[in-house]
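One file, run-v3.cif, is given below (mmCIF, C-alpha atoms).
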data_upload
loop_
_atom_site.label_atom_id
_atom_site.label_comp_id
_atom_site.auth_asym_id
_atom_site.auth_seq_id
_atom_site.Cartn_x
_atom_site.Cartn_y
_atom_site.Cartn_z
CA MET N 242 14.73 -5.75 28.05
CA PRO N 243 13.92 -9.35 27.01
CA LYS N 244 13.73 -10.10 23.31
CA PRO N 245 10.23 -10.56 21.83
CA ARG N 246 9.39 -14.24 21.39
CA ILE N 247 7.97 -15.12 17.98
CA ILE N 248 6.57 -18.57 17.20
CA ILE N 249 5.88 -19.80 13.65
CA ALA N 250 3.85 -23.02 13.50
CA ASP N 251 3.10 -24.64 10.15
CA THR N 252 3.88 -27.82 8.23
CA GLU N 253 4.74 -26.13 4.91
CA GLU N 254 8.49 -25.75 5.16
CA ILE N 255 8.87 -23.59 2.05
CA ILE N 256 6.66 -20.86 3.54
CA ILE N 257 8.18 -21.24 7.00
CA SER N 258 11.76 -21.07 5.74
CA ALA N 259 11.11 -17.93 3.71
CA LEU N 260 9.34 -16.23 6.62
CA GLN N 261 12.03 -17.33 9.07
CA LEU N 262 14.73 -15.91 6.80
CA LYS N 263 12.88 -12.60 6.46
CA PHE N 264 12.53 -12.19 10.24
CA ALA N 265 16.17 -13.15 10.75
CA LYS N 266 17.35 -10.55 8.22
CA GLU N 267 15.19 -7.72 9.52
CA PHE N 268 15.45 -8.42 13.29
CA PHE N 269 18.84 -10.11 13.60
CA GLU N 270 19.59 -10.82 17.30
CA GLN N 271 16.61 -8.67 18.34
CA ILE N 272 14.05 -11.48 18.62
CA ASP N 273 13.77 -15.06 19.86
CA LEU N 274 12.37 -16.96 16.91
CA GLU N 275 10.96 -20.49 17.22
CA VAL N 276 9.76 -22.64 14.32
CA ILE N 277 7.49 -25.63 14.84
CA THR N 278 6.53 -28.04 12.06
CA ASP N 279 5.37 -31.02 14.15
CA LYS N 280 1.74 -30.84 15.16
CA ASP N 281 2.09 -33.23 18.14
CA TYR N 282 5.01 -31.25 19.51
CA PHE N 283 2.98 -28.06 19.15
CA ARG N 284 0.01 -29.55 21.02
CA LYS N 285 2.28 -30.73 23.82
CA MET N 286 3.94 -27.31 24.11
CA PHE N 287 0.59 -25.51 24.25
CA SER N 288 -0.83 -27.90 26.81
CA ILE N 289 0.87 -25.67 29.36
CA PRO N 290 0.61 -21.84 29.50
CA GLN N 291 2.77 -20.07 26.93
CA MET N 292 3.87 -16.47 26.69
CA ALA N 293 4.95 -14.95 23.38
CA GLY N 294 4.70 -11.66 21.53
CA ILE N 295 3.61 -13.07 18.18
CA LEU N 296 2.21 -16.41 17.06
CA ILE N 297 2.04 -17.11 13.32
CA ILE N 298 0.04 -20.28 12.94
CA SER N 299 -1.53 -22.29 10.16
CA GLU N 300 -5.25 -22.97 10.19
CA GLU N 301 -4.39 -26.65 10.66
CA PHE N 302 -2.65 -25.97 14.00
CA TYR N 303 -5.11 -23.42 15.35
CA ASP N 304 -8.01 -23.94 17.76
CA GLN N 305 -9.84 -21.68 20.23
CA SER N 306 -7.70 -22.83 23.17
CA ILE N 307 -4.76 -20.87 21.73
CA GLN N 308 -6.47 -17.66 22.79
CA ARG N 309 -6.11 -18.61 26.47
CA HIS N 310 -2.35 -18.13 26.27
CA ASN N 311 -0.60 -14.83 26.85
CA ILE N 312 -0.03 -13.87 23.20
CA PRO N 313 -1.07 -10.34 22.17
CA HIS N 314 -0.79 -10.95 18.40
CA ILE N 315 -1.99 -14.15 16.70
CA PHE N 316 -1.92 -14.48 12.91
CA ILE N 317 -3.79 -17.39 11.33
CA MET N 318 -2.49 -18.27 7.86
CA LYS N 319 -5.40 -19.47 5.75
CA GLU N 320 -5.33 -21.22 2.39
CA GLN N 321 -8.63 -19.60 1.39
CA TYR N 322 -8.15 -15.89 1.99
CA GLN N 323 -10.55 -14.37 4.51
CA GLU N 324 -10.26 -10.64 4.94
CA GLY N 325 -9.70 -8.95 8.27
CA GLN N 326 -9.86 -9.72 11.91
CA THR N 327 -11.78 -12.21 14.01
CA ALA N 328 -14.09 -11.27 16.87
CA ASN N 329 -11.00 -11.36 19.09
CA LEU N 330 -9.04 -8.17 18.50
CA ASN N 331 -5.65 -9.91 18.79
CA VAL N 332 -6.42 -12.58 16.16
CA HIS N 333 -5.94 -11.78 12.48
CA TYR N 334 -6.40 -13.78 9.28
CA ILE N 335 -3.73 -13.52 6.60
CA SER N 336 -3.42 -15.23 3.24
CA LYS N 337 -0.84 -18.02 3.21
CA TYR N 338 -0.29 -17.84 -0.54
CA THR N 339 0.44 -14.17 -1.04
CA SER N 340 4.06 -13.01 -1.18
CA ILE N 341 6.35 -13.41 1.83
CA MET N 342 6.93 -9.66 1.77
CA ASP N 343 3.17 -9.01 2.07
CA ILE N 344 2.84 -11.50 4.94
CA PHE N 345 5.86 -10.03 6.73
CA ASN N 346 4.69 -6.44 6.28
CA GLU N 347 1.21 -7.16 7.59
CA ILE N 348 2.56 -8.97 10.65
CA THR N 349 5.16 -6.36 11.55
CA ILE N 350 2.85 -3.38 11.05
CA LYS N 351 0.15 -4.87 13.29
CA SER N 352 2.71 -6.03 15.87
CA ALA N 353 4.91 -2.94 15.98
CA ASP N 354 4.34 -2.58 19.75
CA VAL N 355 5.74 -6.04 20.46
CA LEU N 356 8.66 -5.68 18.06
CA ASN N 357 9.68 -2.37 19.63
CA MET N 358 9.54 -0.80 16.19
CA LYS N 359 9.85 2.72 17.39
CA GLN N 360 12.45 3.23 14.65
CA GLU N 361 13.59 6.71 13.96
CA ALA N 362 11.17 9.02 12.30
CA GLN N 363 11.06 7.94 8.71
CA GLU N 364 11.59 10.48 5.99
CA THR N 365 8.48 11.33 4.01
CA GLN N 366 8.09 8.97 1.05
CA VAL N 367 6.91 10.29 -2.31
CA VAL N 368 4.83 7.79 -4.28
CA LEU N 369 3.98 8.59 -7.90
CA PHE N 370 1.01 6.88 -9.57
CA TYR N 371 1.25 6.76 -13.33
CA SER N 372 -0.27 5.00 -16.34
CA ALA N 373 0.90 4.62 -19.90
CA SER N 374 -2.67 5.09 -21.20
CA GLY N 375 -5.96 6.52 -20.02
CA GLY N 376 -8.85 4.51 -18.61
CA THR N 377 -6.87 2.23 -16.29
CA GLY N 378 -8.59 3.47 -13.13
CA LYS N 379 -5.33 4.94 -11.82
CA THR N 380 -7.07 7.65 -9.77
CA MET N 381 -9.40 5.15 -8.12
CA VAL N 382 -6.42 2.92 -7.27
CA SER N 383 -4.27 5.77 -5.96
CA MET N 384 -7.05 7.16 -3.75
CA GLY N 385 -8.03 3.68 -2.56
CA ILE N 386 -4.43 3.01 -1.54
CA CYS N 387 -4.28 6.40 0.20
CA ALA N 388 -7.33 5.36 2.24
CA SER N 389 -5.73 1.99 3.06
CA LEU N 390 -2.52 3.70 4.19
CA ALA N 391 -4.58 6.03 6.38
CA GLN N 392 -6.26 3.01 7.98
CA GLN N 393 -2.75 1.83 8.93
CA TYR N 394 -2.34 5.13 10.82
CA LYS N 395 -0.14 6.68 8.15
CA ARG N 396 -0.25 10.42 7.51
CA VAL N 397 -1.03 10.77 3.82
CA LEU N 398 -1.25 13.75 1.47
CA TYR N 399 -2.87 13.13 -1.92
CA LEU N 400 -1.96 15.50 -4.76
CA ASN N 401 -3.80 15.14 -8.04
CA ALA N 402 -1.37 16.23 -10.77
CA ASP N 403 -3.71 16.39 -13.76
CA ARG N 404 -3.76 19.39 -16.02
CA LEU N 405 -7.58 19.27 -15.76
CA GLN N 406 -8.66 17.71 -12.47
CA THR N 407 -11.68 15.40 -12.27
CA PHE N 408 -10.89 13.34 -9.15
CA GLN N 409 -13.39 15.24 -6.97
CA HIS N 410 -16.29 12.91 -7.85
CA MET N 411 -14.82 10.44 -5.33
CA LEU N 412 -15.00 12.97 -2.48
CA LYS N 413 -17.80 13.99 -0.14
CA ASN N 414 -16.81 17.61 -0.68
CA PRO N 415 -16.10 18.05 -4.42
CA SER N 416 -15.91 21.85 -4.35
CA PRO N 417 -12.80 23.44 -5.87
CA ILE N 418 -10.43 26.02 -4.41
CA THR N 419 -12.11 29.38 -4.97
CA ALA N 420 -9.86 31.79 -3.05
CA ALA N 421 -8.22 34.10 -5.60
CA ASP N 422 -5.11 34.63 -3.44
CA ILE N 423 -4.27 30.90 -3.66
CA TYR N 424 -4.06 31.08 -7.45
CA VAL N 425 -1.93 34.22 -7.21
CA LYS N 426 0.49 32.37 -4.94
CA LEU N 427 0.51 29.35 -7.25
CA SER N 428 1.22 31.50 -10.30
CA SER N 429 4.30 32.96 -8.61
CA VAL N 430 5.19 29.64 -7.03
CA THR N 431 8.36 29.40 -4.97
CA SER N 432 10.17 26.39 -3.54
CA HIS N 433 8.29 26.99 -0.26
CA ILE N 434 4.75 26.98 -1.61
CA TYR N 435 3.31 24.35 0.78
CA PRO N 436 3.09 26.64 3.86
CA GLU N 437 1.32 29.22 1.67
CA VAL N 438 -1.52 26.85 0.71
CA LYS N 439 -1.57 24.46 3.69
CA HIS N 440 -4.66 26.10 5.17
CA VAL N 441 -6.86 25.03 2.20
CA ILE N 442 -5.92 21.34 2.47
CA ARG N 443 -8.90 19.15 3.41
CA LYS N 444 -9.20 15.70 4.91
CA GLU N 445 -11.46 12.72 4.11
CA MET N 446 -9.65 9.72 5.61
CA PHE N 447 -6.45 11.25 4.18
CA SER N 448 -5.38 14.83 3.46
CA TYR N 449 -5.67 16.22 -0.06
CA LEU N 450 -5.29 19.47 -1.95
CA PRO N 451 -8.77 20.32 -3.30
CA PRO N 452 -9.24 20.52 -7.06
CA PHE N 453 -8.44 23.66 -9.01
CA LYS N 454 -11.44 25.55 -10.39
CA ALA N 455 -10.16 25.28 -13.98
CA SER N 456 -7.38 23.70 -16.03
CA LEU N 457 -3.74 24.72 -15.53
CA LEU N 458 -3.80 26.38 -18.96
CA SER N 459 -6.89 28.46 -18.11
CA LEU N 460 -5.37 29.49 -14.79
CA GLY N 461 -2.00 30.35 -16.31
CA LEU N 462 -0.21 27.80 -14.13
CA ASP N 463 2.79 25.72 -15.09
CA TYR N 464 2.90 21.95 -14.51
CA SER N 465 6.06 22.42 -12.43
CA ILE N 466 3.86 23.61 -9.53
CA TYR N 467 3.23 19.97 -8.66
CA GLU N 468 6.91 19.13 -8.25
CA LYS N 469 7.46 22.26 -6.16
CA MET N 470 4.43 21.40 -4.02
CA VAL N 471 5.72 17.87 -3.44
CA LEU N 472 9.20 18.98 -2.43
CA SER N 473 7.87 21.73 -0.17
CA ALA N 474 5.35 19.41 1.54
CA LYS N 475 8.06 16.77 1.98
CA GLU N 476 10.32 19.33 3.63
CA SER N 477 7.59 20.09 6.19
CA GLY N 478 7.64 16.56 7.60
CA ASP N 479 3.85 16.68 8.04
CA TYR N 480 3.26 13.38 6.21
CA ASP N 481 4.51 9.81 6.03
CA TYR N 482 3.50 9.55 2.38
CA ILE N 483 2.86 12.09 -0.36
CA VAL N 484 0.92 10.38 -3.14
CA VAL N 485 1.07 12.09 -6.53
CA ASP N 486 -1.55 11.04 -9.08
CA ALA N 487 -0.12 12.18 -12.43
CA ASP N 488 -1.70 12.38 -15.88
CA VAL N 489 -0.58 10.11 -18.72
CA CYS N 490 1.46 12.65 -20.68
CA PHE N 491 5.09 11.46 -20.74
CA ASP N 492 7.21 14.59 -20.95
CA GLU N 493 10.08 16.34 -19.20
CA ALA N 494 7.89 17.41 -16.28
CA LYS N 495 6.72 13.82 -15.76
CA ALA N 496 10.28 12.51 -15.97
CA SER N 497 11.20 14.99 -13.25
CA LEU N 498 8.37 13.71 -11.00
CA ILE N 499 9.55 10.14 -11.59
CA ASN N 500 13.04 11.20 -10.60
CA ILE N 501 12.01 12.69 -7.23
CA ALA N 502 9.63 9.82 -6.34
CA ASP N 503 10.74 7.11 -3.91
CA LYS N 504 8.26 4.67 -5.46
CA VAL N 505 6.54 4.71 -8.84
CA VAL N 506 3.32 2.72 -9.11
CA ILE N 507 2.39 2.03 -12.73
CA VAL N 508 -1.24 1.02 -13.22
CA THR N 509 -2.35 -1.01 -16.22
CA THR N 510 -5.28 -3.21 -17.18
CA GLN N 511 -5.24 -6.66 -18.76
CA ASP N 512 -6.42 -5.58 -22.21
CA LEU N 513 -4.01 -5.52 -25.15
CA PRO N 514 -3.76 -1.73 -25.75
CA ALA N 515 -2.96 -1.01 -22.09
CA VAL N 516 -0.39 -3.81 -21.85
CA MET N 517 1.34 -2.73 -25.06
CA ALA N 518 1.38 0.89 -23.90
CA THR N 519 2.87 -0.14 -20.54
CA ASN N 520 5.54 -2.17 -22.35
CA LEU N 521 6.41 0.86 -24.43
CA LEU N 522 6.56 3.10 -21.36
CA VAL N 523 8.87 0.67 -19.56
CA ALA N 524 11.21 0.67 -22.54
CA ASN N 525 11.54 4.44 -22.15
CA ILE N 526 12.22 4.49 -18.39
CA THR N 527 15.71 3.88 -17.10
CA GLY N 528 15.81 1.48 -14.15
CA SER N 529 12.20 0.32 -14.52
CA ARG N 530 13.18 -3.16 -13.30
CA THR N 531 14.40 -1.91 -9.92
CA ASP N 532 12.30 -2.13 -6.75
CA LYS N 533 11.41 1.56 -7.14
CA TYR N 534 8.77 0.50 -9.68
CA ILE N 535 5.60 -1.39 -8.75
CA PHE N 536 3.17 -2.62 -11.41
CA ILE N 537 -0.51 -3.09 -10.59
CA CYS N 538 -3.19 -4.55 -12.86
CA ASN N 539 -6.52 -2.88 -12.18
CA ASN N 540 -10.02 -3.93 -13.22
CA PHE N 541 -8.88 -7.54 -13.45
CA SER N 542 -11.28 -10.34 -14.37
CA LYS N 543 -10.34 -14.01 -14.43
CA GLU N 544 -13.17 -14.68 -16.86
CA GLU N 545 -11.74 -12.41 -19.56
CA ALA N 546 -8.75 -12.89 -21.85
CA SER N 547 -5.61 -11.23 -20.50
CA ALA N 548 -2.83 -9.82 -22.67
CA LEU N 549 -0.63 -10.16 -19.59
CA LEU N 550 -0.71 -13.94 -20.13
CA SER N 551 -0.35 -13.92 -23.90
CA SER N 552 2.54 -15.90 -25.34
CA ASP N 553 2.64 -13.41 -28.23
CA ILE N 554 3.79 -10.55 -25.99
CA GLU N 555 7.14 -10.37 -24.24
CA LEU N 556 6.45 -8.39 -21.08
CA GLY N 557 9.01 -5.91 -19.89
CA PHE N 558 7.46 -5.78 -16.42
CA THR N 559 6.02 -8.00 -13.68
CA VAL N 560 2.65 -7.34 -12.07
CA SER N 561 2.85 -7.32 -8.25
CA GLU N 562 -0.87 -7.03 -7.46
CA TYR N 563 -4.16 -7.63 -9.27
CA ILE N 564 -7.11 -5.46 -8.25
CA GLU N 565 -10.30 -7.22 -9.25
CA ARG N 566 -13.15 -5.43 -10.98
CA PHE N 567 -15.45 -3.77 -8.47
CA PRO N 568 -19.20 -3.92 -9.12
CA ASN N 569 -20.91 -0.51 -9.07
CA CYS N 570 -17.49 1.10 -8.81
CA THR N 571 -18.83 4.62 -9.47
CA TYR N 572 -21.05 4.51 -6.39
CA ARG N 573 -18.42 3.34 -3.91
CA ASN N 574 -16.76 5.67 -1.43
CA LEU N 575 -13.18 5.80 -0.19
CA GLY N 576 -13.99 3.68 2.86
CA ASP N 577 -15.35 0.92 0.60
CA PHE N 578 -12.13 0.82 -1.41
CA ALA N 579 -9.94 0.90 1.71
CA ARG N 580 -11.62 -2.23 3.06
CA GLU N 581 -10.91 -4.29 -0.06
CA GLY N 582 -8.18 -6.89 0.50
CA CYS N 583 -6.51 -6.16 -2.84
CA MET N 584 -6.21 -2.46 -1.93
CA LYS N 585 -4.69 -3.35 1.44
CA ARG N 586 -2.18 -5.68 -0.19
CA ALA N 587 -1.27 -2.98 -2.71
CA ALA N 588 -0.75 -0.52 0.15
CA PHE N 589 1.61 -3.00 1.85
CA LEU N 590 3.74 -3.00 -1.32
CA ILE N 591 4.41 0.68 -0.71
CA MET N 592 5.08 0.52 3.02
#
Please express the file's structure as structure tokens.
Amino acid sequence: MPKPRIIIADTEEIIISALQLKFAKEFFEQIDLEVITDKDYFRKMFSIPQMAGILIISEEFYDQSIQRHNIPHIFIMKEQYQEGQTANLNVHYISKYTSIMDIFNEITIKSADVLNMKQEAQETQVVLFYSASGGTGKTMVSMGICASLAQQYKRVLYLNADRLQTFQHMLKNPSPITAADIYVKLSSVTSHIYPEVKHVIRKEMFSYLPPFKASLLSLGLDYSIYEKMVLSAKESGDYDYIVVDADVCFDEAKASLINIADKVVIVTTQDLPAVMATNLLVANITGSRTDKYIFICNNFSKEEASALLSSDIELGFTVSEYIERFPNCTYRNLGDFAREGCMKRAAFLIM
């Protein structure tokens, strides 16, 4: 089988070199990679019919004639970010000035057919969402990212791990689990609890366990049910991602969830109390500077002062994505959040 031909055409050598290196590392000897930095040479090449699997091209090089060539996936790198796809289904806009990892992930996910990325079935990934303080919008972020992952054809299970669950306001069907036998099974939870409760799981873009009808304390349930549910659901192989949305209490049970998670997404805001709380949390987590941990700033506003940029605070973490403040956030549905570019970029950090 011939190797997929990939063409990168741009004049900015720093971006090209980084992208070239990433493709070389991930697809060593599996692709034919061509890099073009000269605009005249590019025009001459494309004056005759070309065949390639992927074309990554700057806005400066691109014109409508490119679409006449036999190229199933064209990615236009724009300086001013423009979300989504053009009227032509094979042409996508991507931001030139996001991270190389984000650019690479978006290209490879949307071009998996060309890159022969059948790759062995990937083991279910557990992603824990956590905050050092309340009010960061962690639940909105976690559910928005679940929706974005689902739009990328990922099988996602969302588990809300609050002691008193209030996430249902974001769902079309907010009704709790009412079946008494489910609570009996949860109270005598075993390591194989997922098959026992699988039939009550619902789906709105992604799968989720409906809310409990009362707090864990009122139901006589132990917080460890969440860890057992995660491990049992992971064992089933039904999902690509299990997203656990945990409460802010930092205790032994939470440390155990952090330990079993493949990725830990810590959500903060830009205000001083949240940043200081996140700093304190990081100081209490071993290995918080490894790539297992992803930090997201939610509810971000460029017009407001940010403690993340204060010279008076020595940050113990680096923010990977900023999610801007959404107007009328309370009245938005999961589909609205999934379409936001910042949510999509945050989802790519997990994939």
**Study point:** Long-range neighbours of region 496-502 of chain N as a ChimeraX atom specification, 8 Å cut-off, only C-alpha atoms, 2 positions minimum in chain
**Key:** /N:366-369,468,491-494,504-505
Exercise for review: Run the PyMOL selection byres ((chain N and resi 426) around 12) against the file shown and list the residues it catches, as a list in words.
Suggested key: Ala420, Ala421, Asp422, Ile423, Tyr424, Val425, Leu427, Ser428, Ser429, Val430, Thr431, Ser432, His433, Ile434, Tyr435, Pro436, Glu437, Val438, Lys439, Leu460, Gly461, Leu462, Ile466 and Met470 of chain N
Review point. Which residues match the PyMOL selection byres ((chain N and resi 415) around 12) in the file above, as a PyMOL selection string?
Key: chain N and resi 406-414+416-418+443-445+449-454
Practice item. Grab the CA of Ala546 (chain N) to CA of Pro514 (chain N) distance for me, in Å with one decimal place. Key: 12.8 Å
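If all atoms listed in the file are the atoms counted, then among N:Lys337, N:Lys395, N:Arg404, N:Lys475 the closest residue to Ala259 (chain N) is N:Lys337.
Atom pair CA of Leu356 (chain N) / CA of Arg580 (chain N): separated by 25.5 Å.
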Point to revise | Given the PyMOL selection byres ((chain N and resi 383) around 9), the residues it picks as a VMD selection string | key: chain N and resid 369 to 370 378 to 382 384 to 388 399 484 to 486 506
Exercise for review: Find, counting only C-alpha atoms, the residue in N:Ser561, N:Ser372, N:Arg573, N:Ser477 that gets nearest to Ala515 (chain N).
Suggested key: N:Ser372
Practice item. Give as a ChimeraX atom specification every residue, naming chains and numbers as the document does, that has an atom within 10 Å of (1.3, -23.2, 19.3), counting only C-alpha atoms. Key: /N:248-251,276-277,280,282-288,291,293,296-299,302-304,306-307,310,315
Practice item. Please measure the separation of CA of Val560 (chain N) and CA of Phe536 (chain N), giving the value in Å to one decimal. Key: 4.8 Å
Review point. Near Ser374 (chain N), counting all atoms listed in the file, which residues have an atom at most 10 Å away, once you skip same-chain residues fewer than 4 positions from it, shown as number ranges by chain?
Key: N: 379, 488-490, 508-510, 514-519, 522
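Closest approach to Met318 (chain N) from the set N:Arg530, N:Lys585, N:His333, N:Arg396 is made by N:His333, with distances taken over all atoms listed in the file.
Using all atoms listed in the file, the nearest neighbour of Gln308 (chain N) within the list N:Leu398, N:Ile295, N:Val332, N:Arg246 is N:Val332.
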**Study point:** Residues near region 339-341 of chain N, cut-off 8 Å, all atoms listed in the file, skip fewer than 2 positions along chain, as a ChimeraX atom specification
**Key:** /N:256,259-260,336-337,343-345
Let me see the file: selected residues, C-alpha atoms, as a PDB file, in the coordinates of the input.
ATOM      1  CA  ILE N 256       6.660 -20.860   3.540  1.00  0.00           C
ATOM      2  CA  ALA N 259      11.110 -17.930   3.710  1.00  0.00           C
ATOM      3  CA  LEU N 260       9.340 -16.230   6.620  1.00  0.00           C
ATOM      4  CA  SER N 336      -3.420 -15.230   3.240  1.00  0.00           C
ATOM      5  CA  LYS N 337      -0.840 -18.020   3.210  1.00  0.00           C
ATOM      6  CA  ASP N 343       3.170  -9.010   2.070  1.00  0.00           C
ATOM      7  CA  ILE N 344       2.840 -11.500   4.940  1.00  0.00           C
ATOM      8  CA  PHE N 345       5.860 -10.030   6.730  1.00  0.00           C
TER       9      PHE N 345
END
Exercise for review: Rank N:Met584, N:Ser473, N:Gly478, N:Thr419 by their smallest atom-to-atom distance to Ala455 (chain N), using all atoms listed in the file, and report the top residue only.
Suggested key: N:Thr419
Exercise for review: Determine, counting only C-alpha atoms, which protein, DNA and RNA residues have an atom within 9 Å of an atom of Leu590 (chain N); residues of the same chain fewer than 2 positions away are not included. Present the result as a PyMOL selection string.
Suggested key: chain N and resi 342-343+346+535+561-562+585-588+592
